Amino acid sequence: VQTLTMHVASEARFETYKENDDLIIGYEIVATLDSRTSNFCRANDGRVILFTDEKQIKPPFHIFCRTTTRPKLSSEFDFLDKGATRASNGATGGKPVSAELTYYEWLRRQPASFIDDVLGKTKGSIFRNSGLSPEEFRRITVNDLGRPLTLKQMEERDKRVASYMNKQ
């Protein structure tokens with residue numbers, strides 16, 4: 001029922017976007033900032049999809065998906081995003097954070113124990129210590145279908161991961 005409700009809400013949201021295509025040029029994927037967010041949703045948080053893009057994915061992405069979208073307005077309305085916030089629920093509880101933060105940028109601000117709970121001990125250690133930016137880490141953790149990659153596959157995608165793993 002929850003997934004169906006999310007689907008109906010998503011479809012209604014997209015109909016509204018289409019009706020306002022003179023102002024709205026696409027949408028941004030907005031994942032929930034907490035420890036339960038799926039690999040796929042974490043990896044796509046902050047992704048902007050324009051209506052002119054060939055591939056257009058939209059939530060819900062899986063059963064019990066809590067990811068949503070927000071409209072991407074044409075650049076003349078960028079001033080509306082100044083100071084915008086979004087909800088998060090990290091190690092110290094719930095609090096608003098900048099709407100410009102992606103999931104992995106937000107996760108970088110969490111303590112090591114929280115990161116390890118989300119990513120697992122090894123991937124958490126790579127995230128914190130390999131020298132990868134949050135965006136670089138995002139790109140090497142899932143394949144094009146949003147499926148999580150193994151440590152070996154991550155090492156193949158970025159030599160810094162292989163170098164870090166060899167030091168361990």
# chains A, B, ... in the order shown; residues from 1 in each chain; ligands from 1
>>> select_by_dssp(residues="chain A", states="alpha helix (DSSP H)", output="PyMOL selection string")
chain A and resi 2-19+39-44+103-108+112-119+121-129+134-141+151-157+159-167
>>> closest_atom_pairs(of="region 91-120 of chain A", to="region 135-154 of chain A", cutoff="12 Å", atoms="only C-alpha atoms", output="tab-separated table")
residue	atom	partner	partner_atom	distance
A:Leu101	CA	A:Glu135	CA	11.0
A:Thr102	CA	A:Glu135	CA	8.6
A:Tyr103	CA	A:Arg138	CA	9.1
A:Tyr104	CA	A:Arg138	CA	7.0
A:Glu105	CA	A:Glu135	CA	7.8
A:Trp106	CA	A:Glu135	CA	11.3
A:Leu107	CA	A:Arg138	CA	11.2
A:Arg108	CA	A:Phe137	CA	10.7
A:Leu119	CA	A:Thr141	CA	10.0
A:Gly120	CA	A:Leu151	CA	11.4
>>> write_last_selection(atoms="C-alpha atoms", output="short mmCIF file (atom, residue, chain, number, x, y, z; two decimals), in the first residue's frame")
data_model
loop_
_atom_site.label_atom_id
_atom_site.label_comp_id
_atom_site.auth_asym_id
_atom_site.auth_seq_id
_atom_site.Cartn_x
_atom_site.Cartn_y
_atom_site.Cartn_z
CA LEU A 101 23.74 18.43 0.13
CA THR A 102 23.62 15.07 -1.60
CA TYR A 103 23.32 11.88 0.40
CA TYR A 104 27.06 11.15 0.43
CA GLU A 105 27.97 14.76 1.24
CA TRP A 106 25.61 14.52 4.21
CA LEU A 107 26.98 11.11 5.18
CA ARG A 108 30.54 12.53 5.18
CA LEU A 119 27.97 1.28 4.39
CA GLY A 120 29.49 -1.58 6.36
#
>>> residues_around(residues="Lys58 (chain A)", least_positions_apart="5", cutoff="12 Å", atoms="only C-alpha atoms", output="list in words")
Met6, His7, Val8, Ala9, Ser10, Glu11, Arg13, Phe14, Gly26, Tyr27, Glu28, Ile29, Val30, Ala31, Phe40, Cys41, Asn44, Asp45, Arg47, Val48, Ile49, Leu50, Phe51, Cys65, Arg66, Thr67, Thr68, Thr69 and Arg70 of chain A
>>> closest_residue(among="A:Ala162, A:Ile57, A:Ala99, A:Val118", to="Leu80 (chain A)", atoms="only C-alpha atoms")
A:Ala99
>>> residues_around(residues="Ala91 (chain A)", least_positions_apart="5", cutoff="8 Å", atoms="only C-alpha atoms", output="list in words")
Gln110, Pro111 and Phe114 of chain A
>>> residues_around(residues="Tyr164 (chain A)", least_positions_apart="4", cutoff="12 Å", atoms="only C-alpha atoms", output="list of chain:residue names")
A:Thr122, A:Lys123, A:Ser125, A:Ile126, A:Phe127, A:Arg128, A:Asn129, A:Ser130, A:Gly131, A:Leu132, A:Leu151, A:Met154, A:Glu155, A:Asp158, A:Lys159, A:Arg160, A:Gln168
>>> write_last_selection(atoms="N, CA, C and O atoms", output="PDB file, in the first residue's frame")
ATOM      1  N   THR A 122      34.042  -2.083   5.994  1.00  0.00           N
ATOM      2  CA  THR A 122      35.078  -1.920   4.960  1.00  0.00           C
ATOM      3  C   THR A 122      34.768  -0.754   4.031  1.00  0.00           C
ATOM      4  O   THR A 122      35.621   0.109   3.795  1.00  0.00           O
ATOM      5  N   LYS A 123      33.545  -0.710   3.499  1.00  0.00           N
ATOM      6  CA  LYS A 123      33.193   0.406   2.607  1.00  0.00           C
ATOM      7  C   LYS A 123      33.177   1.724   3.372  1.00  0.00           C
ATOM      8  O   LYS A 123      33.538   2.765   2.824  1.00  0.00           O
ATOM      9  N   SER A 125      35.183   2.500   5.814  1.00  0.00           N
ATOM     10  CA  SER A 125      36.592   2.870   5.937  1.00  0.00           C
ATOM     11  C   SER A 125      37.113   3.443   4.612  1.00  0.00           C
ATOM     12  O   SER A 125      37.844   4.439   4.597  1.00  0.00           O
ATOM     13  N   ILE A 126      36.731   2.834   3.508  1.00  0.00           N
ATOM     14  CA  ILE A 126      37.120   3.355   2.187  1.00  0.00           C
ATOM     15  C   ILE A 126      36.549   4.757   1.998  1.00  0.00           C
ATOM     16  O   ILE A 126      37.243   5.664   1.541  1.00  0.00           O
ATOM     17  N   PHE A 127      35.291   4.926   2.345  1.00  0.00           N
ATOM     18  CA  PHE A 127      34.615   6.224   2.204  1.00  0.00           C
ATOM     19  C   PHE A 127      35.365   7.314   2.969  1.00  0.00           C
ATOM     20  O   PHE A 127      35.566   8.414   2.462  1.00  0.00           O
ATOM     21  N   ARG A 128      35.800   6.988   4.171  1.00  0.00           N
ATOM     22  CA  ARG A 128      36.464   7.986   5.024  1.00  0.00           C
ATOM     23  C   ARG A 128      37.932   8.193   4.700  1.00  0.00           C
ATOM     24  O   ARG A 128      38.445   9.296   4.850  1.00  0.00           O
ATOM     25  N   ASN A 129      38.621   7.147   4.247  1.00  0.00           N
ATOM     26  CA  ASN A 129      40.087   7.196   4.244  1.00  0.00           C
ATOM     27  C   ASN A 129      40.789   7.028   2.904  1.00  0.00           C
ATOM     28  O   ASN A 129      42.014   7.123   2.853  1.00  0.00           O
ATOM     29  N   SER A 130      40.082   6.766   1.838  1.00  0.00           N
ATOM     30  CA  SER A 130      40.755   6.482   0.562  1.00  0.00           C
ATOM     31  C   SER A 130      41.074   7.716  -0.261  1.00  0.00           C
ATOM     32  O   SER A 130      41.730   7.617  -1.293  1.00  0.00           O
ATOM     33  N   GLY A 131      40.578   8.870   0.153  1.00  0.00           N
ATOM     34  CA  GLY A 131      40.827  10.096  -0.608  1.00  0.00           C
ATOM     35  C   GLY A 131      39.781  10.390  -1.663  1.00  0.00           C
ATOM     36  O   GLY A 131      39.913  11.348  -2.421  1.00  0.00           O
ATOM     37  N   LEU A 132      38.740   9.581  -1.717  1.00  0.00           N
ATOM     38  CA  LEU A 132      37.663   9.825  -2.674  1.00  0.00           C
ATOM     39  C   LEU A 132      36.725  10.908  -2.156  1.00  0.00           C
ATOM     40  O   LEU A 132      36.409  10.937  -0.967  1.00  0.00           O
ATOM     41  N   LEU A 151      33.667  -5.130  -3.513  1.00  0.00           N
ATOM     42  CA  LEU A 151      34.928  -4.427  -3.255  1.00  0.00           C
ATOM     43  C   LEU A 151      35.880  -4.582  -4.430  1.00  0.00           C
ATOM     44  O   LEU A 151      36.557  -3.627  -4.825  1.00  0.00           O
ATOM     45  N   MET A 154      34.841  -2.274  -7.119  1.00  0.00           N
ATOM     46  CA  MET A 154      35.176  -0.903  -6.741  1.00  0.00           C
ATOM     47  C   MET A 154      36.663  -0.642  -6.962  1.00  0.00           C
ATOM     48  O   MET A 154      37.047   0.431  -7.441  1.00  0.00           O
ATOM     49  N   GLU A 155      37.508  -1.621  -6.642  1.00  0.00           N
ATOM     50  CA  GLU A 155      38.954  -1.492  -6.852  1.00  0.00           C
ATOM     51  C   GLU A 155      39.262  -1.331  -8.334  1.00  0.00           C
ATOM     52  O   GLU A 155      40.144  -0.559  -8.713  1.00  0.00           O
ATOM     53  N   ASP A 158      38.400   2.341  -9.442  1.00  0.00           N
ATOM     54  CA  ASP A 158      39.230   3.450  -8.969  1.00  0.00           C
ATOM     55  C   ASP A 158      40.474   2.911  -8.270  1.00  0.00           C
ATOM     56  O   ASP A 158      40.363   2.179  -7.289  1.00  0.00           O
ATOM     57  N   LYS A 159      41.635   3.284  -8.784  1.00  0.00           N
ATOM     58  CA  LYS A 159      42.897   2.764  -8.246  1.00  0.00           C
ATOM     59  C   LYS A 159      43.139   3.197  -6.799  1.00  0.00           C
ATOM     60  O   LYS A 159      43.875   2.553  -6.070  1.00  0.00           O
ATOM     61  N   ARG A 160      42.521   4.295  -6.360  1.00  0.00           N
ATOM     62  CA  ARG A 160      42.691   4.723  -4.966  1.00  0.00           C
ATOM     63  C   ARG A 160      42.080   3.709  -4.000  1.00  0.00           C
ATOM     64  O   ARG A 160      42.598   3.502  -2.901  1.00  0.00           O
ATOM     65  N   GLN A 168      45.772  -2.115   3.789  1.00  0.00           N
ATOM     66  CA  GLN A 168      45.068  -2.676   4.956  1.00  0.00           C
ATOM     67  C   GLN A 168      45.537  -4.058   5.294  1.00  0.00           C
ATOM     68  O   GLN A 168      45.879  -4.879   4.656  1.00  0.00           O
TER      69      GLN A 168
END
>>> closest_residue(among="A:Val161, A:Asp78, A:Glu19, A:Leu33", to="Ser133 (chain A)", atoms="only C-alpha atoms")
A:Val161
